[in-house]
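**Q** I am attaching a structure below and will ask some questions about it afterwards.
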Amino acid sequence: MRKYMRPLPIAITVVVILLIAGGLFFALNSGTSEADRAVQAAEEAKGYEVITVDVTDNGFSPEKISVKAGVPTKINFRKDTSYTCIKDVKSSALGMNNMKLDKGDNYYALEDLKPGTYEYNCGMYMYYGKISVN
Ligand SMILES: [Cu+2]
């Protein structure tokens, strides 16, 4: 009878270790850190409107953003995950050459755009996003 009681403590230990590892993984990989918020606040202090576009494993989110014409704007392509094939972003309409997207924040300044809709896409032409300037 006694030998059948051993697996339970082992199972509990395994579950506890998995929970701790999972919690650490989550803490390191998600959310906007204090430092990220400070960078955004600094950009806003310089007079930029900051719009965040999340770079996810299934594209850009939101897929379409709106920007006011004549207002200096920076898009923050924020990449919180490594599980995406999106490594860079480009747009011939914006004159944006392959901009490498590192994990974390990636700011791109939009200079004095004329009203209209501008498309961008990942370097592999798999995912698309739109910027509507009004
Ligand atoms: Cu891809």
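Each chain of the structure tokens is named A, B, ... in the order shown, its residues numbered from 1; ligands are numbered from 1 in display order.
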Using only C-alpha atoms and all ligand atoms, which protein or nucleic acid residues are at most 9 Å from ligand 1, as a list in words?
**A**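 These are the residues that qualify: Gly59, Thr84, Cys85, Ile86, Lys87, Cys122, Gly123, Met124, Tyr125, Met126 and Tyr127 of chain A.
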**Q** Mind checking which residues fall within 7 Å of Val55 (chain A), counting only C-alpha atoms, ignoring those fewer than 4 positions away in the same chain, and posting them as a VMD selection string?
**A** chain A and resid 59 to 61 77 to 79
**Q** Restricting the output to N, CA and C atoms, write the selected residues as a CSV table (one decimal), in the first residue's frame.
**A**
chain,number,residue,atom,x,y,z
A,59,GLY,N,-0.5,38.4,-37.5
A,59,GLY,CA,-0.6,39.7,-38.2
A,59,GLY,C,-0.5,40.9,-37.3
A,60,PHE,N,-0.8,42.0,-37.9
A,60,PHE,CA,-0.8,43.3,-37.2
A,60,PHE,C,-2.1,43.6,-36.6
A,61,SER,N,-2.1,44.1,-35.4
A,61,SER,CA,-3.3,44.3,-34.6
A,61,SER,C,-3.3,45.7,-33.9
A,77,PHE,N,5.5,49.7,-33.5
A,77,PHE,CA,5.2,48.3,-33.8
A,77,PHE,C,5.7,47.5,-32.6
A,78,ARG,N,4.8,47.1,-31.8
A,78,ARG,CA,5.2,46.4,-30.5
A,78,ARG,C,5.1,44.9,-30.7
A,79,LYS,N,6.3,44.3,-30.5
A,79,LYS,CA,6.4,42.8,-30.7
A,79,LYS,C,6.6,42.2,-29.3
**Q** Between CA of Asp57 (chain A) and CA of Asp88 (chain A), what is the spacing in Å?
**A** 13.1 Å
**Q** Neighbouring residues of Val71 (chain A) were defined as those with any atom within 9 Å, considering only C-alpha atoms; residues of the same chain fewer than 2 positions away were excluded. Please report them as a list of chain:residue names.
**A**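 So, after excluding close chain neighbours, the residues are A:Gly47, A:Tyr48, A:Glu49, A:Val67, A:Lys68, A:Ala69, A:Thr73, A:Glu111, A:Asp112, A:Leu113.
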**Q** What's around Ala35 (chain A) at 12 Å? Count only C-alpha atoms, leave out sequence neighbours fewer than 5 positions away in its own chain, and write the answer as a list of chain:residue names.
**A**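 The residues satisfying every condition are A:Gln40, A:Ala41, A:Ala42, A:Gly104, A:Asp105.
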**Q** Could you write those residues out with N, CA and C atoms, as a short mmCIF file (atom, residue, chain, number, x, y, z; two decimals), in the first residue's frame?
**A**
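Writing the result to out38.cif gives the following:
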data_model
loop_
_atom_site.label_atom_id
_atom_site.label_comp_id
_atom_site.auth_asym_id
_atom_site.auth_seq_id
_atom_site.Cartn_x
_atom_site.Cartn_y
_atom_site.Cartn_z
N GLN A 40 7.43 55.71 -24.38
CA GLN A 40 6.24 56.27 -25.04
C GLN A 40 5.93 57.67 -24.51
N ALA A 41 6.03 57.83 -23.19
CA ALA A 41 5.76 59.14 -22.59
C ALA A 41 6.74 60.17 -23.12
N ALA A 42 8.01 59.77 -23.32
CA ALA A 42 9.02 60.68 -23.84
C ALA A 42 8.69 61.11 -25.27
N GLY A 104 9.92 43.80 -28.52
CA GLY A 104 9.70 45.03 -27.76
C GLY A 104 9.18 46.12 -28.67
N ASP A 105 9.57 47.37 -28.37
CA ASP A 105 9.05 48.52 -29.10
C ASP A 105 9.89 48.84 -30.33
#
**Q** Separation of CA of Lys90 (chain A) and CA of Ile131 (chain A), in Å?
**A** 12.7 Å
